[in-house]
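A.B. asks: Here it is: the structure, laid out below.
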There are 2 protein chains.
Amino acid sequence: MNKVEQFICQAVNAVPVSGTSLIISLYGDALLHRGGEVWLGSLAAMLEGLGFGERFVRTALFRLNKEGWLEVSRVGRRSYYRLTESGLRQARRAESKIYREGQPSWDGKWLLLLSEGLEKNTLQQVKKELMWQGFGALAPSLMASPSQRLTEVQSLLHDYGVAENVICFEASAPLQLSRTALRARVESCWQLSDKNARYEEFITSFRPLLPLLRDAGDELTPEHCFQIQLLLIHFYRRVVLKDPLLPDELLPPHWLGQSARQLCINIYQRVAPGAQLFVSEKSETSVGALPAPGGGYFQRFGGLVLP
Amino acid sequence: MNKVEQFICQAVNAVPVSGTSLIISLYGDALLHRGGEVWLGSLAAMLEGLGFGERFVRTALFRLNKEGWLEVSRVGRRSYYRLTESGLRQARRAESKIYREGQPSWDGKWLLLLSEGLEKNTLQQVKKELMWQGFGALAPSLMASPSQRLTEVQSLLHDYGVAENVICFEASAPLQLSRTALRARVESCWQLSDKNARYEEFITSFRPLLPLLRDAGDELTPEHCFQIQLLLIHFYRRVVLKDPLLPDELLPPHWLGQSARQLCINIYQRVAPGAQLFVSEKSETSVGALPAPGGGYFQRFGGLVLP
């Protein structure tokens, strides 16, 4: 077992890996821009080298189908799985966070949602959904986001039937002193220390891979590339999807989000061509070979992914 | 006793009148633009006809002096009372609300002050002061005002040492649905029903005076005019100083603030010349007669007070 293989083995075994979560990572990363459908046997073949058996794959697919992430179609004795309509929507939303181009510049505007007087259970549900979308609770009934726009939130409020009860403000904090207080408040209400620790963990786990990749040469097979890319994105997405992606002005000093992202890009660039090759080789769809990646794939990280 | 005298007698006796409050009303209404200083004996002479004796006046002046509203200077055996620096400031602030020109137009902007995390006692104090300035509590830690501006509030936050802990937002509520929710919230958090009831009370008390004034003719002496004006302003200020003076867009239907104000103006216009005459006649300052009213006096109610 060479050093790259040792690294992969360690990464898989360091923490328990959920099958459903890993397969969603695989669909989102490797299949989203390649038709989004693949044979069960292909998935098993791709994951075999990581130590996951066919049974592990079957169980995960069964669950993802039941939870509405994947739909299945059968041709003869073979089952082909593809992202459902809602699974696709979620995957695209995750993609825009995971592979985003960089920190968008901020116009200093906040979106504030005041939910005072809302029924308690409804409030909890709406808050949970808003937090998932990157909102933070500046006060118990005041949710805030520096990056969300009114139009994006309107439909969510409608879906929960609270559009008439939640008061939406577009706001700016013009006082310098306010901004200082705001930064302190932001740090605590988005639990940024906690999130920074998770970025640090990610960096600590994947940084040792850099010299190995530099020295690997021919030892680095397409399968290694695929395994590294899948694990990289699987662990990176767990952190980045919980990151509210706040503008620089609001982040604490020593924020590690940008370093983590750059590390992710550097590894991704190195392994992406090999990984793509491996996926092409192993995948079979209901109409034959997997299509080549669409243009959106090469736009990832602002166009940094090489064909 | 004619009907006007009956009215005055009823108005004085309907509710207990605080001497300090009545004398502040007198200073603010009749003396603010006429040098602001007057002999104790003159005050007693002016208030005698309402049934208040010299002792009542002395006690009230003593208290107002102790509380920092009035300062006293003695010339020979006579005491002259004038508004202190801070008394003057308060009187001017009250004047701008009592005699304001009309409803200013609203640009739809809100000032929001988020005091989450402030120490409890400090929070209570700051909230109390802000509410006095017309702020309402949209949520326990979120004070809001549609008419206050940032610069006006900044010094207040500095005075309480919380400028670095309170987050100031300038905001607008762009959604139509938000505005509906906002109006409902505004009604409850500024206790507008309660305030409307007080306006109604004022109107019910002073409306019967209109026909009496119309029919009075020569029976209406300068002293009657003075008494009516003093009582009118005394009771009107008690309501209007607690009115947050919200823009029309945020007020409930059937809001009585404007009617009360118009009633006040109509009576004021009728009695002001006589009242002025009476005050001139009875007042003596440390340098002789009271000066004629300054220009500010005639600007009251947007210039509706006739010389």
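Ordering of the structure tokens sets the chain letters (A, B, ...), residue numbers begin anew at 1 in every chain, and ligands are numbered from 1 in the order given.
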Using every C-alpha atom paired in order, could you least-squares fit chain A onto chain B and give me the moved chain as an mmCIF file with C-alpha atoms, in the first residue's frame?

C.D. replies:
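Written file, part-v8.cif:
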data_model
loop_
_atom_site.group_PDB
_atom_site.id
_atom_site.type_symbol
_atom_site.label_atom_id
_atom_site.label_comp_id
_atom_site.auth_asym_id
_atom_site.auth_seq_id
_atom_site.Cartn_x
_atom_site.Cartn_y
_atom_site.Cartn_z
ATOM 1 C CA MET A 1 -71.364 82.806 36.494
ATOM 2 C CA ASN A 2 -71.733 82.714 32.704
ATOM 3 C CA LYS A 3 -71.392 79.602 30.566
ATOM 4 C CA VAL A 4 -67.708 80.160 29.757
ATOM 5 C CA GLU A 5 -66.950 80.553 33.460
ATOM 6 C CA GLN A 6 -68.923 77.371 34.157
ATOM 7 C CA PHE A 7 -66.873 75.538 31.561
ATOM 8 C CA ILE A 8 -63.563 76.774 33.052
ATOM 9 C CA CYS A 9 -64.674 75.840 36.556
ATOM 10 C CA GLN A 10 -65.627 72.332 35.405
ATOM 11 C CA ALA A 11 -62.373 71.853 33.500
ATOM 12 C CA VAL A 12 -60.236 72.795 36.507
ATOM 13 C CA ASN A 13 -62.165 70.536 38.837
ATOM 14 C CA ALA A 14 -62.767 67.490 36.619
ATOM 15 C CA VAL A 15 -59.383 65.970 37.465
ATOM 16 C CA PRO A 16 -56.844 66.871 40.152
ATOM 17 C CA VAL A 17 -54.419 69.428 38.703
ATOM 18 C CA SER A 18 -50.757 69.177 39.658
ATOM 19 C CA GLY A 19 -49.309 72.591 40.485
ATOM 20 C CA THR A 20 -45.872 71.820 39.096
ATOM 21 C CA SER A 21 -47.297 70.483 35.870
ATOM 22 C CA LEU A 22 -49.686 73.450 35.459
ATOM 23 C CA ILE A 23 -46.913 75.996 36.007
ATOM 24 C CA ILE A 24 -44.655 74.219 33.505
ATOM 25 C CA SER A 25 -47.569 74.415 31.045
ATOM 26 C CA LEU A 26 -47.810 78.139 31.748
ATOM 27 C CA TYR A 27 -44.083 78.765 31.269
ATOM 28 C CA GLY A 28 -43.985 76.648 28.089
ATOM 29 C CA ASP A 29 -47.096 78.212 26.595
ATOM 30 C CA ALA A 30 -47.109 81.845 27.717
ATOM 31 C CA LEU A 31 -43.546 82.764 28.776
ATOM 32 C CA LEU A 32 -41.163 80.709 26.585
ATOM 33 C CA HIS A 33 -41.116 83.359 23.866
ATOM 34 C CA ARG A 34 -41.409 86.284 26.252
ATOM 35 C CA GLY A 35 -38.102 86.195 28.088
ATOM 36 C CA GLY A 36 -39.037 83.212 30.271
ATOM 37 C CA GLU A 37 -38.772 85.058 33.600
ATOM 38 C CA VAL A 38 -41.574 86.288 35.861
ATOM 39 C CA TRP A 39 -42.211 87.422 39.417
ATOM 40 C CA LEU A 40 -43.799 84.962 41.837
ATOM 41 C CA GLY A 41 -46.535 87.461 42.558
ATOM 42 C CA SER A 42 -47.412 87.677 38.848
ATOM 43 C CA LEU A 43 -47.857 83.906 38.653
ATOM 44 C CA ALA A 44 -50.094 84.001 41.721
ATOM 45 C CA ALA A 45 -52.126 86.825 40.160
ATOM 46 C CA MET A 46 -52.569 84.928 36.888
ATOM 47 C CA LEU A 47 -53.653 81.699 38.579
ATOM 48 C CA GLU A 48 -55.835 83.272 41.272
ATOM 49 C CA GLY A 49 -58.938 83.286 39.098
ATOM 50 C CA LEU A 50 -58.670 79.515 38.591
ATOM 51 C CA GLY A 51 -58.944 79.022 42.362
ATOM 52 C CA PHE A 52 -55.293 78.481 43.106
ATOM 53 C CA GLY A 53 -53.915 80.445 46.072
ATOM 54 C CA GLU A 54 -50.460 81.879 46.602
ATOM 55 C CA ARG A 55 -49.506 78.941 48.777
ATOM 56 C CA PHE A 56 -50.258 76.509 45.914
ATOM 57 C CA VAL A 57 -48.017 78.577 43.642
ATOM 58 C CA ARG A 58 -45.187 78.845 46.216
ATOM 59 C CA THR A 59 -45.161 75.100 46.845
ATOM 60 C CA ALA A 60 -45.075 74.307 43.131
ATOM 61 C CA LEU A 61 -42.273 76.818 42.481
ATOM 62 C CA PHE A 62 -40.264 75.401 45.378
ATOM 63 C CA ARG A 63 -40.523 71.911 43.860
ATOM 64 C CA LEU A 64 -39.743 73.024 40.318
ATOM 65 C CA ASN A 65 -36.666 74.809 41.606
ATOM 66 C CA LYS A 66 -35.554 71.712 43.490
ATOM 67 C CA GLU A 67 -36.130 69.489 40.449
ATOM 68 C CA GLY A 68 -34.010 71.766 38.264
ATOM 69 C CA TRP A 69 -36.819 73.134 36.067
ATOM 70 C CA LEU A 70 -36.748 76.717 37.339
ATOM 71 C CA GLU A 71 -34.059 78.909 38.854
ATOM 72 C CA VAL A 72 -34.775 81.779 41.151
ATOM 73 C CA SER A 73 -33.187 85.226 41.470
ATOM 74 C CA ARG A 74 -34.068 87.649 44.250
ATOM 75 C CA VAL A 75 -34.240 91.403 43.863
ATOM 76 C CA GLY A 76 -35.069 93.045 47.173
ATOM 77 C CA ARG A 77 -37.894 91.035 48.712
ATOM 78 C CA ARG A 78 -39.157 89.739 45.383
ATOM 79 C CA SER A 79 -38.386 86.312 43.803
ATOM 80 C CA TYR A 80 -38.229 85.949 40.037
ATOM 81 C CA TYR A 81 -38.402 82.502 38.469
ATOM 82 C CA ARG A 82 -37.042 81.499 35.051
ATOM 83 C CA LEU A 83 -36.561 78.227 33.183
ATOM 84 C CA THR A 84 -33.139 76.662 33.753
ATOM 85 C CA GLU A 85 -30.924 75.616 30.852
ATOM 86 C CA SER A 86 -32.300 72.059 30.948
ATOM 87 C CA GLY A 87 -35.855 73.253 31.635
ATOM 88 C CA LEU A 88 -35.587 75.411 28.524
ATOM 89 C CA ARG A 89 -34.353 72.451 26.460
ATOM 90 C CA GLN A 90 -37.261 70.308 27.626
ATOM 91 C CA ALA A 91 -39.760 73.096 27.029
ATOM 92 C CA ARG A 92 -38.482 73.600 23.489
ATOM 93 C CA ARG A 93 -38.672 69.895 22.758
ATOM 94 C CA ALA A 94 -42.232 69.798 24.073
ATOM 95 C CA GLU A 95 -43.101 72.917 22.057
ATOM 96 C CA SER A 96 -42.008 71.295 18.798
ATOM 97 C CA LYS A 97 -44.458 68.451 19.450
ATOM 98 C CA ILE A 98 -47.375 70.434 20.881
ATOM 99 C CA TYR A 99 -47.481 73.231 18.312
ATOM 100 C CA ARG A 100 -46.073 71.396 15.326
ATOM 101 C CA GLU A 101 -47.143 72.428 11.879
ATOM 102 C CA GLY A 102 -48.734 69.142 10.834
ATOM 103 C CA GLN A 103 -47.984 65.571 9.945
ATOM 104 C CA PRO A 104 -44.550 65.519 8.296
ATOM 105 C CA SER A 105 -44.444 63.351 5.192
ATOM 106 C CA TRP A 106 -42.726 59.995 5.641
ATOM 107 C CA ASP A 107 -40.005 58.502 3.473
ATOM 108 C CA GLY A 108 -40.802 54.971 4.659
ATOM 109 C CA LYS A 109 -37.543 54.708 6.610
ATOM 110 C CA TRP A 110 -37.285 53.139 10.047
ATOM 111 C CA LEU A 111 -34.625 53.469 12.653
ATOM 112 C CA LEU A 112 -34.133 50.140 14.419
ATOM 113 C CA LEU A 113 -32.089 49.749 17.598
ATOM 114 C CA LEU A 114 -31.114 46.227 18.582
ATOM 115 C CA SER A 115 -30.095 46.007 22.216
ATOM 116 C CA GLU A 116 -29.782 42.216 22.513
ATOM 117 C CA GLY A 117 -27.283 41.230 25.176
ATOM 118 C CA LEU A 118 -27.445 44.550 27.051
ATOM 119 C CA GLU A 119 -27.314 44.398 30.845
ATOM 120 C CA LYS A 120 -30.887 44.293 32.195
ATOM 121 C CA ASN A 121 -30.991 47.514 34.239
ATOM 122 C CA THR A 122 -29.237 49.521 31.543
ATOM 123 C CA LEU A 123 -31.639 48.077 28.974
ATOM 124 C CA GLN A 124 -34.640 49.183 31.061
ATOM 125 C CA GLN A 125 -33.286 52.725 31.393
ATOM 126 C CA VAL A 126 -32.401 53.084 27.723
ATOM 127 C CA LYS A 127 -35.769 51.645 26.673
ATOM 128 C CA LYS A 128 -37.633 54.053 28.942
ATOM 129 C CA GLU A 129 -35.768 57.045 27.532
ATOM 130 C CA LEU A 130 -36.245 55.866 23.948
ATOM 131 C CA MET A 131 -39.957 55.308 24.494
ATOM 132 C CA TRP A 132 -40.223 58.826 25.848
ATOM 133 C CA GLN A 133 -38.669 59.955 22.571
ATOM 134 C CA GLY A 134 -41.323 58.115 20.585
ATOM 135 C CA PHE A 135 -39.706 54.728 20.062
ATOM 136 C CA GLY A 136 -41.785 51.576 20.300
ATOM 137 C CA ALA A 137 -40.638 48.054 21.165
ATOM 138 C CA LEU A 138 -41.263 45.876 18.091
ATOM 139 C CA ALA A 139 -39.682 43.019 20.068
ATOM 140 C CA PRO A 140 -38.228 42.860 23.601
ATOM 141 C CA SER A 141 -34.770 43.953 22.412
ATOM 142 C CA LEU A 142 -35.757 45.790 19.239
ATOM 143 C CA MET A 143 -36.788 49.430 19.505
ATOM 144 C CA ALA A 144 -38.112 51.138 16.409
ATOM 145 C CA SER A 145 -39.066 54.610 15.277
ATOM 146 C CA PRO A 146 -40.315 55.810 11.901
ATOM 147 C CA SER A 147 -39.579 59.462 12.647
ATOM 148 C CA GLN A 148 -36.353 59.617 14.664
ATOM 149 C CA ARG A 149 -33.075 59.999 12.827
ATOM 150 C CA LEU A 150 -29.774 58.355 13.637
ATOM 151 C CA THR A 151 -28.025 61.595 14.583
ATOM 152 C CA GLU A 152 -30.735 62.422 17.120
ATOM 153 C CA VAL A 153 -30.333 59.099 18.883
ATOM 154 C CA GLN A 154 -26.550 58.821 18.770
ATOM 155 C CA SER A 155 -25.926 61.260 21.610
ATOM 156 C CA LEU A 156 -28.530 59.556 23.771
ATOM 157 C CA LEU A 157 -26.786 56.196 23.312
ATOM 158 C CA HIS A 158 -23.467 57.856 24.152
ATOM 159 C CA ASP A 159 -24.916 59.389 27.317
ATOM 160 C CA TYR A 160 -25.958 55.936 28.508
ATOM 161 C CA GLY A 161 -22.594 54.447 27.549
ATOM 162 C CA VAL A 162 -24.206 51.907 25.220
ATOM 163 C CA ALA A 163 -23.199 53.328 21.841
ATOM 164 C CA GLU A 164 -20.886 50.367 21.293
ATOM 165 C CA ASN A 165 -23.433 47.769 22.371
ATOM 166 C CA VAL A 166 -26.571 48.857 20.596
ATOM 167 C CA ILE A 167 -26.760 48.015 16.910
ATOM 168 C CA CYS A 168 -28.413 50.732 14.807
ATOM 169 C CA PHE A 169 -30.078 49.848 11.520
ATOM 170 C CA GLU A 170 -31.658 52.163 9.003
ATOM 171 C CA ALA A 171 -34.375 50.090 7.388
ATOM 172 C CA SER A 172 -37.349 50.050 5.097
ATOM 173 C CA ALA A 173 -40.149 47.522 4.765
ATOM 174 C CA PRO A 174 -40.483 47.052 1.034
ATOM 175 C CA LEU A 175 -43.061 44.250 1.012
ATOM 176 C CA GLN A 176 -46.732 45.158 0.922
ATOM 177 C CA LEU A 177 -47.516 42.188 3.164
ATOM 178 C CA SER A 178 -44.912 43.322 5.662
ATOM 179 C CA ARG A 179 -46.587 46.684 5.865
ATOM 180 C CA THR A 180 -49.873 45.069 6.857
ATOM 181 C CA ALA A 181 -48.142 43.054 9.585
ATOM 182 C CA LEU A 182 -46.226 46.139 10.606
ATOM 183 C CA ARG A 183 -49.367 48.218 11.038
ATOM 184 C CA ALA A 184 -50.895 45.587 13.281
ATOM 185 C CA ARG A 185 -47.681 45.357 15.282
ATOM 186 C CA VAL A 186 -47.403 49.144 15.495
ATOM 187 C CA GLU A 187 -50.926 49.406 16.887
ATOM 188 C CA SER A 188 -50.177 47.017 19.713
ATOM 189 C CA CYS A 189 -46.635 48.049 20.577
ATOM 190 C CA TRP A 190 -47.338 51.782 20.683
ATOM 191 C CA GLN A 191 -50.649 51.124 22.459
ATOM 192 C CA LEU A 192 -52.432 53.241 19.901
ATOM 193 C CA SER A 193 -55.946 52.245 21.025
ATOM 194 C CA ASP A 194 -55.145 53.565 24.459
ATOM 195 C CA LYS A 195 -53.695 56.789 23.057
ATOM 196 C CA ASN A 196 -56.659 57.232 20.747
ATOM 197 C CA ALA A 197 -58.987 56.955 23.745
ATOM 198 C CA ARG A 198 -57.101 59.794 25.407
ATOM 199 C CA TYR A 199 -57.469 61.963 22.308
ATOM 200 C CA GLU A 200 -61.182 61.194 22.345
ATOM 201 C CA GLU A 201 -61.383 62.273 25.972
ATOM 202 C CA PHE A 202 -59.669 65.556 25.139
ATOM 203 C CA ILE A 203 -62.061 66.173 22.250
ATOM 204 C CA THR A 204 -65.089 65.361 24.395
ATOM 205 C CA SER A 205 -63.896 67.784 27.084
ATOM 206 C CA PHE A 206 -63.109 70.774 24.888
ATOM 207 C CA ARG A 207 -65.560 70.499 21.974
ATOM 208 C CA PRO A 208 -68.427 71.997 24.073
ATOM 209 C CA LEU A 209 -66.353 75.166 24.307
ATOM 210 C CA LEU A 210 -66.685 75.920 20.583
ATOM 211 C CA PRO A 211 -70.324 77.169 20.603
ATOM 212 C CA LEU A 212 -69.682 79.045 23.859
ATOM 213 C CA LEU A 213 -66.758 80.914 22.306
ATOM 214 C CA ARG A 214 -68.809 81.656 19.184
ATOM 215 C CA ASP A 215 -71.655 83.158 21.216
ATOM 216 C CA ALA A 216 -69.609 84.796 23.981
ATOM 217 C CA GLY A 217 -68.948 88.212 22.441
ATOM 218 C CA ASP A 218 -67.873 90.801 25.027
ATOM 219 C CA GLU A 219 -68.440 88.444 27.938
ATOM 220 C CA LEU A 220 -65.121 86.804 27.018
ATOM 221 C CA THR A 221 -62.570 88.761 29.050
ATOM 222 C CA PRO A 222 -58.763 88.540 28.593
ATOM 223 C CA GLU A 223 -58.671 86.566 31.835
ATOM 224 C CA HIS A 224 -61.142 83.992 30.462
ATOM 225 C CA CYS A 225 -58.970 83.740 27.367
ATOM 226 C CA PHE A 226 -55.865 83.153 29.445
ATOM 227 C CA GLN A 227 -57.573 80.523 31.589
ATOM 228 C CA ILE A 228 -58.953 78.677 28.571
ATOM 229 C CA GLN A 229 -55.635 78.715 26.740
ATOM 230 C CA LEU A 230 -53.723 77.467 29.770
ATOM 231 C CA LEU A 231 -56.167 74.629 30.444
ATOM 232 C CA LEU A 232 -56.399 73.750 26.746
ATOM 233 C CA ILE A 233 -52.639 73.393 26.377
ATOM 234 C CA HIS A 234 -52.269 71.775 29.790
ATOM 235 C CA PHE A 235 -54.644 68.958 28.842
ATOM 236 C CA TYR A 236 -53.568 68.722 25.209
ATOM 237 C CA ARG A 237 -49.860 68.408 26.059
ATOM 238 C CA ARG A 238 -50.579 65.506 28.429
ATOM 239 C CA VAL A 239 -51.853 63.530 25.451
ATOM 240 C CA VAL A 240 -49.680 64.824 22.617
ATOM 241 C CA LEU A 241 -46.376 64.420 24.474
ATOM 242 C CA LYS A 242 -47.101 60.704 24.755
ATOM 243 C CA ASP A 243 -48.044 60.446 21.090
ATOM 244 C CA PRO A 244 -45.203 58.899 19.034
ATOM 245 C CA LEU A 245 -46.435 61.104 16.150
ATOM 246 C CA LEU A 246 -46.390 58.243 13.684
ATOM 247 C CA PRO A 247 -46.806 58.870 9.966
ATOM 248 C CA ASP A 248 -50.340 58.534 8.557
ATOM 249 C CA GLU A 249 -49.433 55.306 6.744
ATOM 250 C CA LEU A 250 -48.940 53.556 10.081
ATOM 251 C CA LEU A 251 -51.952 54.894 11.947
ATOM 252 C CA PRO A 252 -55.152 52.924 12.441
ATOM 253 C CA PRO A 253 -58.327 54.136 10.738
ATOM 254 C CA HIS A 254 -60.334 56.527 12.927
ATOM 255 C CA TRP A 255 -57.191 57.909 14.514
ATOM 256 C CA LEU A 256 -58.192 61.058 16.408
ATOM 257 C CA GLY A 257 -54.831 62.803 16.674
ATOM 258 C CA GLN A 258 -55.528 65.128 13.767
ATOM 259 C CA SER A 259 -59.038 66.071 14.987
ATOM 260 C CA ALA A 260 -57.739 66.781 18.473
ATOM 261 C CA ARG A 261 -55.015 68.959 17.023
ATOM 262 C CA GLN A 262 -57.470 70.882 14.835
ATOM 263 C CA LEU A 263 -59.811 71.467 17.787
ATOM 264 C CA CYS A 264 -56.851 72.706 19.810
ATOM 265 C CA ILE A 265 -55.836 75.088 17.011
ATOM 266 C CA ASN A 266 -59.354 76.439 16.582
ATOM 267 C CA ILE A 267 -59.725 77.287 20.269
ATOM 268 C CA TYR A 268 -56.157 78.582 20.544
ATOM 269 C CA GLN A 269 -56.636 80.996 17.644
ATOM 270 C CA ARG A 270 -59.782 82.405 19.243
ATOM 271 C CA VAL A 271 -58.318 83.012 22.707
ATOM 272 C CA ALA A 272 -54.619 83.709 22.028
ATOM 273 C CA PRO A 273 -54.864 87.501 21.562
ATOM 274 C CA GLY A 274 -56.863 87.969 24.781
ATOM 275 C CA ALA A 275 -54.626 85.605 26.712
ATOM 276 C CA GLN A 276 -51.543 87.468 25.539
ATOM 277 C CA LEU A 277 -53.060 90.719 26.735
ATOM 278 C CA PHE A 278 -53.847 89.291 30.149
ATOM 279 C CA VAL A 279 -50.309 87.871 30.570
ATOM 280 C CA SER A 280 -48.784 91.230 29.596
ATOM 281 C CA GLU A 281 -50.996 93.027 32.095
ATOM 282 C CA LYS A 282 -50.279 90.740 35.051
ATOM 283 C CA SER A 283 -46.602 89.925 34.538
ATOM 284 C CA GLU A 284 -43.671 91.699 36.002
ATOM 285 C CA THR A 285 -40.041 90.707 35.449
ATOM 286 C CA SER A 286 -36.894 91.761 37.312
ATOM 287 C CA VAL A 287 -36.444 94.514 34.732
ATOM 288 C CA GLY A 288 -40.059 95.589 34.460
ATOM 289 C CA ALA A 289 -42.698 94.670 31.881
ATOM 290 C CA LEU A 290 -42.704 91.368 29.969
ATOM 291 C CA PRO A 291 -41.306 91.669 26.423
ATOM 292 C CA ALA A 292 -43.668 91.139 23.476
ATOM 293 C CA PRO A 293 -43.657 87.554 22.129
ATOM 294 C CA GLY A 294 -40.725 86.697 19.841
ATOM 295 C CA GLY A 295 -41.182 85.454 16.294
ATOM 296 C CA GLY A 296 -41.208 81.784 17.314
ATOM 297 C CA TYR A 297 -44.534 82.337 19.069
ATOM 298 C CA PHE A 298 -46.298 83.274 15.848
ATOM 299 C CA GLN A 299 -44.843 80.250 14.074
ATOM 300 C CA ARG A 300 -46.838 77.932 16.312
ATOM 301 C CA PHE A 301 -49.164 75.528 14.488
ATOM 302 C CA GLY A 302 -47.453 76.516 11.243
ATOM 303 C CA GLY A 303 -48.084 80.243 11.675
ATOM 304 C CA LEU A 304 -51.765 79.955 12.556
ATOM 305 C CA VAL A 305 -51.490 82.051 15.732
ATOM 306 C CA LEU A 306 -52.551 85.601 15.037
ATOM 307 C CA PRO A 307 -50.831 88.578 16.695
#

A.B. asks: DSSP on the backbone, then: every residue of stretch 192-268 of chain A marked alpha helix (DSSP H), written as JSON, numbers by chain.

C.D. replies: {"A": [192, 193, 194, 195, 196, 197, 198, 199, 200, 201, 202, 203, 204, 205, 206, 209, 210, 211, 212, 213, 214, 215, 216, 222, 223, 224, 225, 226, 227, 228, 229, 230, 231, 232, 233, 234, 235, 236, 237, 238, 239, 240, 257, 258, 259, 260, 261, 262, 263, 264, 265, 266, 267, 268]}

A.B. asks: Once DSSP has gone over the backbone, tell me which residues of stretch 41-260 of chain B are in strand (DSSP E or B), as a PyMOL selection string.

C.D. replies: chain B and resi 70-75+78-83+109-114+136-139+142-145+167-172
